[in-house]
Amino acid sequence: MRSGLVALAGRPNVGKSTLVNALTGTKVAIVSDKPHTTRHRIRGVYTEDEAQLVLVDLPGWQKPIDRLTERMQERVDETMGDVDVVLLVVDARERIGAGDRYVARHVFDLGVPVLIAVNKVDRLKPGHIATQMKTAAELGSFHALHPVSALTNDGIDELRADLISLLPEGPQYFPADTDTDMPLEARIAELVREQALKLVREELPHAITAEVVEVDEKLVHVRLYTETESQKQILIGKGGSVVREIGRNARPFVEQLVGHPVYLQLQVKAAPKWRRNETMLERLGL
């Protein structure tokens, strides 16, 4: 049995969460085009007969600006000390520059094998992909370089097989039917936050978080937090239009997760400076 921990590293918005979902074959991490969407240390698990791949989707490396981002960076640093392999992800559609090199310097200092995934190659011309791969190859001494599209699954099987080949011999850490170790309540809260992020702009995405208040056979009650009353009103929308749309869009995903129809009740509350509140961050698991 081969088993081990693979951490995905890369600057924000290179597609790490989508890549975790593609490699595990199921949705374990929420996806958004807003930077710093990933706040939790999310483990996606892929198991086959003789191997178990545990993928860790981490918040992107960043300069901490409050207690929330400090804790996120601490989580990145803690996890990197335990990994067997690192998957460094870069965006084929963006210039590979200083941010990628900053992450690469941390990654190549760890002393573990590094694979580089050049993500989002779908609909790009071969010449452009080749140029990006050549630039990515200059980031450090890598084991292999993979052009992939997490969106269309191009190159995913080959990447997964290469990651598994680098794992050490070890035990099966999770039951074979496990796709993530995230608690049900945390997954529900993230699904609701994912839909909220799709509908808001500017500074509001960073000020939103979600918490499950209650789950039973018929009801799922989720509370969305903002930092100010004005943000709260934006999230509610005129006549409750925005929060209703969040609920309407999130409910199918929540029902798929819990396995049966539910009434999804959403509440919006202002919690001033919640990103600096240690007690609240602890309660939210952030």
# chains A, B, ... in the order shown; residues from 1 in each chain; ligands from 1
>>> select_by_dssp(residues="range 45-237 of chain A", states="alpha helix (DSSP H)", output="JSON, numbers by chain")
{"A": [67, 68, 69, 70, 71, 72, 73, 74, 75, 76, 77, 78, 79, 80, 98, 99, 100, 101, 102, 103, 104, 105, 106, 107, 108, 126, 127, 128, 129, 130, 131, 132, 133, 134, 135, 136, 156, 157, 158, 159, 160, 161, 162, 163, 164, 165, 184, 185, 186, 187, 188, 189, 190, 191, 192, 193, 194, 195, 196, 197, 198, 199, 204, 205, 206, 207, 229, 230, 231, 232, 233, 234, 235, 236]}
>>> residues_around(residues="range 150-163 of chain A", least_positions_apart="6", cutoff="6 Å", atoms="only C-alpha atoms", output="ChimeraX atom specification")
/A:18-19,22
>>> write_last_selection(atoms="C-alpha atoms", output="compact mmCIF listing (two decimals), in the first residue's frame")
# COMPACT_ATOMS: atom_id res chain seq x y z
CA THR A 18 -10.76 22.78 -8.58
CA LEU A 19 -7.69 20.55 -8.94
CA ALA A 22 -10.69 16.75 -10.06
>>> closest_residue(among="A:Val6, A:Ala137, A:Leu266, A:Leu219", to="Gln52 in chain A", atoms="only C-alpha atoms")
A:Val6
>>> closest_residue(among="A:Leu124, A:Ala144, A:Ala176, A:Leu224", to="Ile188 in chain A", atoms="only C-alpha atoms")
A:Leu224
>>> closest_atom_pairs(of="range 136-213 of chain A", to="range 98-120 of chain A", cutoff="7 Å", atoms="only C-alpha atoms", output="JSON lines")
{"residue": "A:Leu139", "atom": "CA", "partner": "A:Ala104", "partner_atom": "CA", "distance": 6.2}
{"residue": "A:Gly140", "atom": "CA", "partner": "A:Phe108", "partner_atom": "CA", "distance": 6.5}
{"residue": "A:Phe142", "atom": "CA", "partner": "A:Val114", "partner_atom": "CA", "distance": 5.1}
{"residue": "A:His143", "atom": "CA", "partner": "A:Leu115", "partner_atom": "CA", "distance": 5.4}
{"residue": "A:Ala144", "atom": "CA", "partner": "A:Leu115", "partner_atom": "CA", "distance": 5.1}
{"residue": "A:Leu145", "atom": "CA", "partner": "A:Ile116", "partner_atom": "CA", "distance": 4.8}
{"residue": "A:His146", "atom": "CA", "partner": "A:Ala117", "partner_atom": "CA", "distance": 4.8}
{"residue": "A:Pro147", "atom": "CA", "partner": "A:Val118", "partner_atom": "CA", "distance": 4.7}
{"residue": "A:Val148", "atom": "CA", "partner": "A:Asn119", "partner_atom": "CA", "distance": 5.0}
{"residue": "A:Ser149", "atom": "CA", "partner": "A:Lys120", "partner_atom": "CA", "distance": 4.6}
{"residue": "A:Ala150", "atom": "CA", "partner": "A:Lys120", "partner_atom": "CA", "distance": 6.7}
>>> atom_distance(atom1="CA of Asn277 in chain A", atom2="CA of Gln233 in chain A")
21.8 Å
>>> closest_residue(among="A:Lys273, A:His128, A:Lys198, A:Lys27", to="Gln256 in chain A", atoms="only C-alpha atoms")
A:Lys27
>>> closest_residue(among="A:Val31, A:Leu53, A:Val20, A:Ala9", to="Leu167 in chain A", atoms="only C-alpha atoms")
A:Leu53
>>> closest_residue(among="A:Arg244, A:Arg201, A:Arg43, A:Arg2", to="Thr180 in chain A", atoms="only C-alpha atoms")
A:Arg43
>>> closest_residue(among="A:Gln195, A:Thr226, A:Ser165, A:Thr47", to="Val242 in chain A", atoms="only C-alpha atoms")
A:Gln195
>>> atom_distance(atom1="CA of Gly15 in chain A", atom2="CA of Ile42 in chain A")
14.2 Å
>>> residues_around(residues="Glu245 in chain A", least_positions_apart="2", cutoff="12 Å", atoms="only C-alpha atoms", output="list in words")
Val192, Gln195, Ala196, Leu197, Lys198, Leu199, Val200, Leu235, Ile236, Gly237, Lys238, Gly239, Gly240, Ser241, Val242, Val243, Gly247, Arg248, Asn249, Ala250, Arg251, Leu264, Gln265 and Leu266 of chain A
>>> write_last_selection(atoms="C-alpha atoms", output="PDB file, in the first residue's frame")
ATOM      1  CA  VAL A 192     -23.558  28.261   1.243  1.00  0.00           C
ATOM      2  CA  GLN A 195     -22.970  30.673  -3.503  1.00  0.00           C
ATOM      3  CA  ALA A 196     -22.739  33.931  -1.548  1.00  0.00           C
ATOM      4  CA  LEU A 197     -19.330  34.645  -3.106  1.00  0.00           C
ATOM      5  CA  LYS A 198     -20.809  34.327  -6.592  1.00  0.00           C
ATOM      6  CA  LEU A 199     -23.222  37.183  -5.922  1.00  0.00           C
ATOM      7  CA  VAL A 200     -21.080  39.784  -4.142  1.00  0.00           C
ATOM      8  CA  LEU A 235     -26.070  40.433   1.357  1.00  0.00           C
ATOM      9  CA  ILE A 236     -29.783  40.435   2.188  1.00  0.00           C
ATOM     10  CA  GLY A 237     -30.633  42.501  -0.892  1.00  0.00           C
ATOM     11  CA  LYS A 238     -33.747  44.482  -1.657  1.00  0.00           C
ATOM     12  CA  GLY A 239     -36.683  42.650  -0.171  1.00  0.00           C
ATOM     13  CA  GLY A 240     -34.397  39.714   0.663  1.00  0.00           C
ATOM     14  CA  SER A 241     -33.657  39.066  -3.024  1.00  0.00           C
ATOM     15  CA  VAL A 242     -29.936  38.280  -2.665  1.00  0.00           C
ATOM     16  CA  VAL A 243     -30.149  35.961   0.331  1.00  0.00           C
ATOM     17  CA  GLY A 247     -30.430  29.787  -0.688  1.00  0.00           C
ATOM     18  CA  ARG A 248     -32.009  28.751  -3.986  1.00  0.00           C
ATOM     19  CA  ASN A 249     -28.598  28.117  -5.563  1.00  0.00           C
ATOM     20  CA  ALA A 250     -27.088  26.378  -2.516  1.00  0.00           C
ATOM     21  CA  ARG A 251     -29.960  24.052  -1.659  1.00  0.00           C
ATOM     22  CA  LEU A 264     -32.537  25.551   3.850  1.00  0.00           C
ATOM     23  CA  GLN A 265     -33.036  28.483   6.211  1.00  0.00           C
ATOM     24  CA  LEU A 266     -30.533  31.332   5.842  1.00  0.00           C
TER      25      LEU A 266
END
>>> select_by_dssp(residues="range 11-241 of chain A", states="strand (DSSP E)", output="MDAnalysis selection string")
chainID A and resid 42:48 51:57 85:91 114:119 144:147 209:215 219:226
>>> write_last_selection(atoms="C-alpha atoms", output="PDB file, in the first residue's frame")
ATOM      1  CA  ILE A  42      -9.259  20.752   3.352  1.00  0.00           C
ATOM      2  CA  ARG A  43      -8.290  17.135   2.873  1.00  0.00           C
ATOM      3  CA  GLY A  44      -9.540  15.350  -0.221  1.00  0.00           C
ATOM      4  CA  VAL A  45      -9.062  11.583  -0.257  1.00  0.00           C
ATOM      5  CA  TYR A  46      -8.635   9.350  -3.302  1.00  0.00           C
ATOM      6  CA  THR A  47      -8.384   5.591  -2.700  1.00  0.00           C
ATOM      7  CA  GLU A  48      -7.687   2.726  -5.064  1.00  0.00           C
ATOM      8  CA  ALA A  51      -2.879   3.397  -2.827  1.00  0.00           C
ATOM      9  CA  GLN A  52      -4.457   6.234  -0.889  1.00  0.00           C
ATOM     10  CA  LEU A  53      -3.759   9.811  -1.912  1.00  0.00           C
ATOM     11  CA  VAL A  54      -4.559  12.446   0.716  1.00  0.00           C
ATOM     12  CA  LEU A  55      -4.662  15.885  -0.916  1.00  0.00           C
ATOM     13  CA  VAL A  56      -4.502  19.009   1.181  1.00  0.00           C
ATOM     14  CA  ASP A  57      -5.972  22.168  -0.294  1.00  0.00           C
ATOM     15  CA  VAL A  85       4.921  15.413  -1.919  1.00  0.00           C
ATOM     16  CA  VAL A  86       4.087  18.973  -3.014  1.00  0.00           C
ATOM     17  CA  LEU A  87       2.025  19.814  -6.066  1.00  0.00           C
ATOM     18  CA  LEU A  88       2.980  23.335  -7.122  1.00  0.00           C
ATOM     19  CA  VAL A  89       0.186  24.843  -9.216  1.00  0.00           C
ATOM     20  CA  VAL A  90       0.600  27.720 -11.673  1.00  0.00           C
ATOM     21  CA  ASP A  91      -1.950  29.313 -13.995  1.00  0.00           C
ATOM     22  CA  VAL A 114       7.756  18.586  -6.169  1.00  0.00           C
ATOM     23  CA  LEU A 115       5.491  18.185  -9.182  1.00  0.00           C
ATOM     24  CA  ILE A 116       4.416  21.266 -11.120  1.00  0.00           C
ATOM     25  CA  ALA A 117       0.917  21.463 -12.590  1.00  0.00           C
ATOM     26  CA  VAL A 118       0.418  24.097 -15.275  1.00  0.00           C
ATOM     27  CA  ASN A 119      -3.346  24.436 -14.860  1.00  0.00           C
ATOM     28  CA  ALA A 144       7.788  16.284 -13.342  1.00  0.00           C
ATOM     29  CA  LEU A 145       5.818  18.968 -15.145  1.00  0.00           C
ATOM     30  CA  HIS A 146       2.162  18.359 -16.066  1.00  0.00           C
ATOM     31  CA  PRO A 147      -0.034  20.525 -18.308  1.00  0.00           C
ATOM     32  CA  THR A 209     -18.346  33.683   6.592  1.00  0.00           C
ATOM     33  CA  ALA A 210     -20.951  31.020   7.317  1.00  0.00           C
ATOM     34  CA  GLU A 211     -21.870  28.808  10.261  1.00  0.00           C
ATOM     35  CA  VAL A 212     -24.345  25.938  10.560  1.00  0.00           C
ATOM     36  CA  VAL A 213     -26.733  26.570  13.443  1.00  0.00           C
ATOM     37  CA  GLU A 214     -28.841  23.430  13.160  1.00  0.00           C
ATOM     38  CA  VAL A 215     -29.137  20.297  11.025  1.00  0.00           C
ATOM     39  CA  LEU A 219     -34.145  21.624   8.321  1.00  0.00           C
ATOM     40  CA  VAL A 220     -30.691  23.049   7.694  1.00  0.00           C
ATOM     41  CA  HIS A 221     -30.215  26.441   9.345  1.00  0.00           C
ATOM     42  CA  VAL A 222     -27.137  28.424   8.268  1.00  0.00           C
ATOM     43  CA  ARG A 223     -26.087  31.849   9.519  1.00  0.00           C
ATOM     44  CA  LEU A 224     -24.086  34.135   7.235  1.00  0.00           C
ATOM     45  CA  TYR A 225     -21.933  36.762   8.928  1.00  0.00           C
ATOM     46  CA  THR A 226     -20.706  40.090   7.618  1.00  0.00           C
TER      47      THR A 226
END
>>> atom_distance(atom1="CA of Ala271 in chain A", atom2="CA of Thr228 in chain A")
6.9 Å
>>> decode(residues="range 204-231 of chain A", atoms="N, CA and C atoms", output="PDB file, in the first residue's frame")
ATOM      1  N   LEU A 204     -16.591  42.826  -0.076  1.00  0.00           N
ATOM      2  CA  LEU A 204     -17.524  41.990   0.680  1.00  0.00           C
ATOM      3  C   LEU A 204     -17.129  40.516   0.775  1.00  0.00           C
ATOM      4  N   PRO A 205     -16.568  39.871  -0.286  1.00  0.00           N
ATOM      5  CA  PRO A 205     -16.224  38.451  -0.145  1.00  0.00           C
ATOM      6  C   PRO A 205     -15.350  38.135   1.063  1.00  0.00           C
ATOM      7  N   HIS A 206     -14.401  39.010   1.371  1.00  0.00           N
ATOM      8  CA  HIS A 206     -13.495  38.748   2.487  1.00  0.00           C
ATOM      9  C   HIS A 206     -14.204  38.898   3.837  1.00  0.00           C
ATOM     10  N   ALA A 207     -15.319  39.619   3.845  1.00  0.00           N
ATOM     11  CA  ALA A 207     -16.027  39.888   5.098  1.00  0.00           C
ATOM     12  C   ALA A 207     -17.108  38.860   5.389  1.00  0.00           C
ATOM     13  N   ILE A 208     -17.324  37.903   4.481  1.00  0.00           N
ATOM     14  CA  ILE A 208     -18.401  36.925   4.639  1.00  0.00           C
ATOM     15  C   ILE A 208     -17.857  35.618   5.206  1.00  0.00           C
ATOM     16  N   THR A 209     -18.593  35.055   6.161  1.00  0.00           N
ATOM     17  CA  THR A 209     -18.346  33.683   6.592  1.00  0.00           C
ATOM     18  C   THR A 209     -19.693  33.047   6.892  1.00  0.00           C
ATOM     19  N   ALA A 210     -19.696  31.735   7.100  1.00  0.00           N
ATOM     20  CA  ALA A 210     -20.951  31.020   7.317  1.00  0.00           C
ATOM     21  C   ALA A 210     -20.779  30.005   8.435  1.00  0.00           C
ATOM     22  N   GLU A 211     -21.877  29.758   9.136  1.00  0.00           N
ATOM     23  CA  GLU A 211     -21.870  28.808  10.261  1.00  0.00           C
ATOM     24  C   GLU A 211     -23.193  28.056  10.283  1.00  0.00           C
ATOM     25  N   VAL A 212     -23.126  26.739  10.435  1.00  0.00           N
ATOM     26  CA  VAL A 212     -24.345  25.938  10.560  1.00  0.00           C
ATOM     27  C   VAL A 212     -24.854  26.030  11.989  1.00  0.00           C
ATOM     28  N   VAL A 213     -26.101  26.434  12.125  1.00  0.00           N
ATOM     29  CA  VAL A 213     -26.733  26.570  13.443  1.00  0.00           C
ATOM     30  C   VAL A 213     -27.428  25.278  13.841  1.00  0.00           C
ATOM     31  N   GLU A 214     -28.066  24.631  12.861  1.00  0.00           N
ATOM     32  CA  GLU A 214     -28.841  23.430  13.160  1.00  0.00           C
ATOM     33  C   GLU A 214     -28.957  22.566  11.910  1.00  0.00           C
ATOM     34  N   VAL A 215     -28.893  21.252  12.100  1.00  0.00           N
ATOM     35  CA  VAL A 215     -29.137  20.297  11.025  1.00  0.00           C
ATOM     36  C   VAL A 215     -30.005  19.178  11.575  1.00  0.00           C
ATOM     37  N   ASP A 216     -31.145  18.933  10.904  1.00  0.00           N
ATOM     38  CA  ASP A 216     -31.914  17.727  11.242  1.00  0.00           C
ATOM     39  C   ASP A 216     -32.482  17.149   9.950  1.00  0.00           C
ATOM     40  N   GLU A 217     -33.404  16.221  10.035  1.00  0.00           N
ATOM     41  CA  GLU A 217     -33.906  15.533   8.847  1.00  0.00           C
ATOM     42  C   GLU A 217     -34.573  16.475   7.856  1.00  0.00           C
ATOM     43  N   LYS A 218     -35.222  17.522   8.366  1.00  0.00           N
ATOM     44  CA  LYS A 218     -35.989  18.404   7.481  1.00  0.00           C
ATOM     45  C   LYS A 218     -35.393  19.797   7.319  1.00  0.00           C
ATOM     46  N   LEU A 219     -34.605  20.233   8.293  1.00  0.00           N
ATOM     47  CA  LEU A 219     -34.145  21.624   8.321  1.00  0.00           C
ATOM     48  C   LEU A 219     -32.624  21.725   8.371  1.00  0.00           C
ATOM     49  N   VAL A 220     -32.089  22.644   7.566  1.00  0.00           N
ATOM     50  CA  VAL A 220     -30.691  23.049   7.694  1.00  0.00           C
ATOM     51  C   VAL A 220     -30.690  24.568   7.866  1.00  0.00           C
ATOM     52  N   HIS A 221     -30.218  25.015   9.019  1.00  0.00           N
ATOM     53  CA  HIS A 221     -30.215  26.441   9.345  1.00  0.00           C
ATOM     54  C   HIS A 221     -28.766  26.929   9.304  1.00  0.00           C
ATOM     55  N   VAL A 222     -28.488  27.883   8.421  1.00  0.00           N
ATOM     56  CA  VAL A 222     -27.137  28.424   8.268  1.00  0.00           C
ATOM     57  C   VAL A 222     -27.173  29.930   8.499  1.00  0.00           C
ATOM     58  N   ARG A 223     -26.208  30.408   9.268  1.00  0.00           N
ATOM     59  CA  ARG A 223     -26.087  31.849   9.519  1.00  0.00           C
ATOM     60  C   ARG A 223     -24.892  32.391   8.746  1.00  0.00           C
ATOM     61  N   LEU A 224     -25.144  33.424   7.958  1.00  0.00           N
ATOM     62  CA  LEU A 224     -24.086  34.135   7.235  1.00  0.00           C
ATOM     63  C   LEU A 224     -23.706  35.373   8.020  1.00  0.00           C
ATOM     64  N   TYR A 225     -22.409  35.589   8.184  1.00  0.00           N
ATOM     65  CA  TYR A 225     -21.933  36.762   8.928  1.00  0.00           C
ATOM     66  C   TYR A 225     -21.254  37.743   7.975  1.00  0.00           C
ATOM     67  N   THR A 226     -21.486  39.026   8.236  1.00  0.00           N
ATOM     68  CA  THR A 226     -20.706  40.090   7.618  1.00  0.00           C
ATOM     69  C   THR A 226     -20.072  40.890   8.749  1.00  0.00           C
ATOM     70  N   GLU A 227     -19.261  41.889   8.397  1.00  0.00           N
ATOM     71  CA  GLU A 227     -18.602  42.680   9.445  1.00  0.00           C
ATOM     72  C   GLU A 227     -19.339  43.977   9.776  1.00  0.00           C
ATOM     73  N   THR A 228     -20.178  44.469   8.861  1.00  0.00           N
ATOM     74  CA  THR A 228     -20.881  45.727   9.103  1.00  0.00           C
ATOM     75  C   THR A 228     -22.350  45.592   8.737  1.00  0.00           C
ATOM     76  N   GLU A 229     -23.154  46.518   9.244  1.00  0.00           N
ATOM     77  CA  GLU A 229     -24.581  46.532   8.927  1.00  0.00           C
ATOM     78  C   GLU A 229     -24.814  46.818   7.437  1.00  0.00           C
ATOM     79  N   SER A 230     -23.991  47.684   6.844  1.00  0.00           N
ATOM     80  CA  SER A 230     -24.169  47.985   5.420  1.00  0.00           C
ATOM     81  C   SER A 230     -23.876  46.753   4.563  1.00  0.00           C
ATOM     82  N   GLN A 231     -22.859  45.967   4.955  1.00  0.00           N
ATOM     83  CA  GLN A 231     -22.570  44.720   4.242  1.00  0.00           C
ATOM     84  C   GLN A 231     -23.725  43.733   4.407  1.00  0.00           C
TER      85      GLN A 231
END
